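Scroll down for the structure; my scribbles are underneath it.
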Amino acid sequence: MRVAYGFLIFTGIAFLALSTTVPVIKSSAEFSMLNPDWNGCSEFAKMLNGRGKIIPLIYPFNSAGVGGLHGTVLIIGSDVGYSTIEVDELKAFLENGGTVLIADDFGTGNELLEKLGLKARFSKIPVKDIFYSKRMEFPVVVRIEDPELAIGVERLVLNIPSAIMGLEGEAFSSRVSVVGRSMKSYPVLAEVSYGRGKIILLSDPGVLINDMQDENRRFVENLVQTLPPPYYYDEAHHSDFNPYSLATVYIHRELDRGKAFQVFLVVFLMALLVETGMAGRMMRSLPRKKRNLFEELEDIPEWVDRKILERMLKEMETGSRLGERYGR
């Protein structure tokens, strides 16, 4: 019996001390919405989720039936090309009034723009500027002409950006920024109509990564407000995206000494009551209500002889006609 009490104490304290495990789907792919590291976009995804439903696209656009969807398709830092069939799906999505955000610098953005029949391009050379944050690789944008995007934004910090060529813009680098040997103000954010929909171009997907949110959170929040939900996040065109990568997060809990003592005290009291016989005496002292079979016979018909009926029921209850040893 002592072994049983010890087991109860051990089990109770073990439950207080053991860690809990939570399975979480994660990805290490750069710009992935499932990547919580510095180069992922999980914070951006949380902002989107706060405004509407967000769905990762892990299959080609034609397999996912993008042409029949509505809302916003997000193409962030893709480095895998798009087939003609996929582009046709994207065209159908735009023709039906959808919005597409293409955030790219030196990836497959230009290939996609060409297949969509647009003249706009991302520069193949990074933008350099004398106005930057920390290092020259992080030029600063202060000219944001779209009033919705500029609300509460003092500056936008870029991360080795390209520039948008062939379009008027909504946000611009400084007048002394340089691409190659050409010095002027370059658009880094632009919008173009396409059918009944529109395409928004951002020449730096780095604006959206987790590591840049301290600098750019207000701008990104404003950008999210301009995008209609639901949101379809393109993961299929990230080369190192693995939708089957399952990580297990362990949540460790410190042992609560107060609760551990309570477990010990409860088991001790149980043992004391059982071993001293107090538990049995307490159970026997509880009042018991004897079942009265006659309480349910108040509404019997007048022609029934109640005494005979009571005697028959009593004999059935006690088994007296069969002898005392058969009584119940």
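Here's how to read the names in the structure tokens: chain A, B, ... by the order shown, residue numbers from 1 in each chain, ligand numbers from 1 in the order shown.
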Handout entry: Contact residues around segment 194-197 of chain A with only C-alpha atoms at 9 Å, ignoring same-chain residues under 5 positions, as a PyMOL selection string
Key = chain A and resi 91-100
Practice task
Show which residues sit within 12 Å of Glu114 of chain A, as a list in words. Count only C-alpha atoms, and ignore same-chain residues fewer than 6 positions away.
Solution key: Gly81, Tyr82, Thr84, Val87, Thr108, Ala120, Arg121 and Phe122 of chain A
Practice task
Considering only C-alpha atoms, return as a count of residues only whatever protein or nucleic-acid residues lie within 10 Å of Ser63 of chain A, sequence-local ones (same chain, fewer than 6 positions apart) excluded.
Solution key: 4
Practice task
Find the residues near Tyr132 of chain A: any atom within 12 Å, counting only C-alpha atoms, skip ones fewer than 4 places away on the same chain, and give them as an NGL selection string.
Solution key: :A and (127-128 or 136-142 or 155-161 or 173-174 or 176-177)
Using C-alpha atoms, can you write the selected residues to a file as a PDB file, in the first residue's frame?
ATOM      1  CA  VAL A 127      20.045  51.703 -55.158  1.00  0.00           C
ATOM      2  CA  LYS A 128      22.760  53.609 -53.301  1.00  0.00           C
ATOM      3  CA  MET A 136      24.939  52.233 -46.951  1.00  0.00           C
ATOM      4  CA  GLU A 137      23.080  48.967 -47.616  1.00  0.00           C
ATOM      5  CA  PHE A 138      20.074  50.455 -45.768  1.00  0.00           C
ATOM      6  CA  PRO A 139      19.025  53.606 -47.646  1.00  0.00           C
ATOM      7  CA  VAL A 140      16.235  55.700 -46.133  1.00  0.00           C
ATOM      8  CA  VAL A 141      13.053  56.837 -47.902  1.00  0.00           C
ATOM      9  CA  VAL A 142      11.245  59.904 -46.597  1.00  0.00           C
ATOM     10  CA  ARG A 155      10.787  57.219 -42.833  1.00  0.00           C
ATOM     11  CA  LEU A 156      11.053  53.867 -44.574  1.00  0.00           C
ATOM     12  CA  VAL A 157      14.300  51.903 -44.195  1.00  0.00           C
ATOM     13  CA  LEU A 158      15.231  49.696 -47.154  1.00  0.00           C
ATOM     14  CA  ASN A 159      17.487  46.637 -47.218  1.00  0.00           C
ATOM     15  CA  ILE A 160      19.717  46.492 -50.334  1.00  0.00           C
ATOM     16  CA  PRO A 161      16.841  47.599 -52.595  1.00  0.00           C
ATOM     17  CA  SER A 173      14.423  57.476 -52.862  1.00  0.00           C
ATOM     18  CA  SER A 174      16.228  60.808 -52.387  1.00  0.00           C
ATOM     19  CA  VAL A 176      20.906  62.090 -54.803  1.00  0.00           C
ATOM     20  CA  SER A 177      20.381  58.322 -54.916  1.00  0.00           C
TER      21      SER A 177
END
Exercise for the section: Identify, with DSSP run on backbone atoms, the residues in segment 127-264 of chain A assigned to alpha helix (DSSP H), and express the list as JSON, numbers by chain. Expected result: {"A": [147, 148, 149, 150, 213, 214, 215, 216, 217, 218, 219, 220, 221, 222, 223, 224, 225, 257, 258, 259, 260, 261, 262, 263, 264]}
Practice task
From segment 109-210 of chain A, collect each residue whose DSSP state is strand (DSSP E or B) and return the set as number ranges by chain.
Solution key: A: 121-122, 128, 132, 139-141, 143-144, 156-157, 164-165, 171-172, 178-179, 182-183, 187-194, 197-202
Hey, can you spit out that residue selection with C-alpha atoms as a CSV table (one decimal), in the first residue's frame?
chain,number,residue,atom,x,y,z
A,121,ARG,CA,11.0,46.4,-64.4
A,122,PHE,CA,13.0,46.1,-61.2
A,128,LYS,CA,22.8,53.6,-53.3
A,132,TYR,CA,21.0,55.6,-44.9
A,139,PRO,CA,19.0,53.6,-47.6
A,140,VAL,CA,16.2,55.7,-46.1
A,141,VAL,CA,13.1,56.8,-47.9
A,143,ARG,CA,9.2,60.8,-49.7
A,144,ILE,CA,6.0,58.9,-49.6
A,156,LEU,CA,11.1,53.9,-44.6
A,157,VAL,CA,14.3,51.9,-44.2
A,164,ILE,CA,11.3,50.5,-60.2
A,165,MET,CA,11.9,51.4,-63.8
A,171,ALA,CA,7.3,56.3,-52.6
A,172,PHE,CA,10.8,57.5,-53.8
A,178,VAL,CA,22.3,56.4,-57.6
A,179,VAL,CA,21.6,53.3,-59.7
A,182,SER,CA,22.5,57.7,-63.0
A,183,MET,CA,21.7,60.0,-60.1
A,187,PRO,CA,10.4,55.0,-57.2
A,188,VAL,CA,10.6,52.1,-54.8
A,189,LEU,CA,6.8,51.6,-54.6
A,190,ALA,CA,4.4,51.9,-57.6
A,191,GLU,CA,0.9,50.8,-58.6
A,192,VAL,CA,-0.5,49.9,-62.0
A,193,SER,CA,-4.0,48.9,-63.1
A,194,TYR,CA,-4.5,45.6,-64.7
A,197,GLY,CA,-7.6,44.7,-60.7
A,198,LYS,CA,-4.2,46.2,-59.8
A,199,ILE,CA,-0.6,45.3,-59.3
A,200,ILE,CA,1.5,46.9,-56.5
A,201,LEU,CA,5.3,46.8,-57.0
A,202,LEU,CA,7.7,47.1,-54.0
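Nearest to Ile76 of chain A of all the residues A:His237, A:Lys46, A:Lys184, A:Arg217 is A:His237, based on only C-alpha atoms.
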Practice task
Can you pull out every residue within 7 Å of segment 221-225 of chain A, counting only C-alpha atoms, but drop anything in the same chain fewer than 4 positions away, and send it as a ChimeraX atom specification?
Solution key: /A:47-48,148-149,217
Print the selection's residues with N, CA and C atoms to a file, as a PDB file, in the first residue's frame.
ATOM      1  N   MET A  47       0.145  40.585 -39.182  1.00  0.00           N
ATOM      2  CA  MET A  47      -0.588  41.811 -39.498  1.00  0.00           C
ATOM      3  C   MET A  47      -1.714  41.521 -40.493  1.00  0.00           C
ATOM      4  N   LEU A  48      -1.414  40.718 -41.501  1.00  0.00           N
ATOM      5  CA  LEU A  48      -2.431  40.356 -42.481  1.00  0.00           C
ATOM      6  C   LEU A  48      -3.559  39.582 -41.820  1.00  0.00           C
ATOM      7  N   GLU A 148      -2.351  57.475 -47.753  1.00  0.00           N
ATOM      8  CA  GLU A 148      -2.703  56.343 -46.892  1.00  0.00           C
ATOM      9  C   GLU A 148      -1.468  55.644 -46.351  1.00  0.00           C
ATOM     10  N   LEU A 149      -0.434  55.549 -47.167  1.00  0.00           N
ATOM     11  CA  LEU A 149       0.791  54.873 -46.745  1.00  0.00           C
ATOM     12  C   LEU A 149       1.658  55.750 -45.846  1.00  0.00           C
ATOM     13  N   ARG A 217       7.407  49.116 -39.121  1.00  0.00           N
ATOM     14  CA  ARG A 217       6.119  48.547 -38.741  1.00  0.00           C
ATOM     15  C   ARG A 217       4.946  49.433 -39.145  1.00  0.00           C
TER      16      ARG A 217
END
Practice task
Write out as a list in words which residues come within 8 Å of Glu30 of chain A when counting only C-alpha atoms, dropping same-chain ones fewer than 2 positions away.
Solution key: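 In the requested format, the answer is Ser28, Ser32, Asn35, Asn39, Gly40, Gly77, His238 and Asp240 of chain A.
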Practice task
Go through A:Ala103, A:Val80, A:Val220, A:Val66 and flag the residue nearest Ala150 of chain A, using only C-alpha atoms for the distances.
Solution key: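 Distance minimum relative to Ala150 of chain A lands on A:Val220.
Nearest to Cys41 of chain A of all the residues A:Glu170, A:Glu235, A:Asp79, A:Glu145 is A:Glu235, based on only C-alpha atoms.
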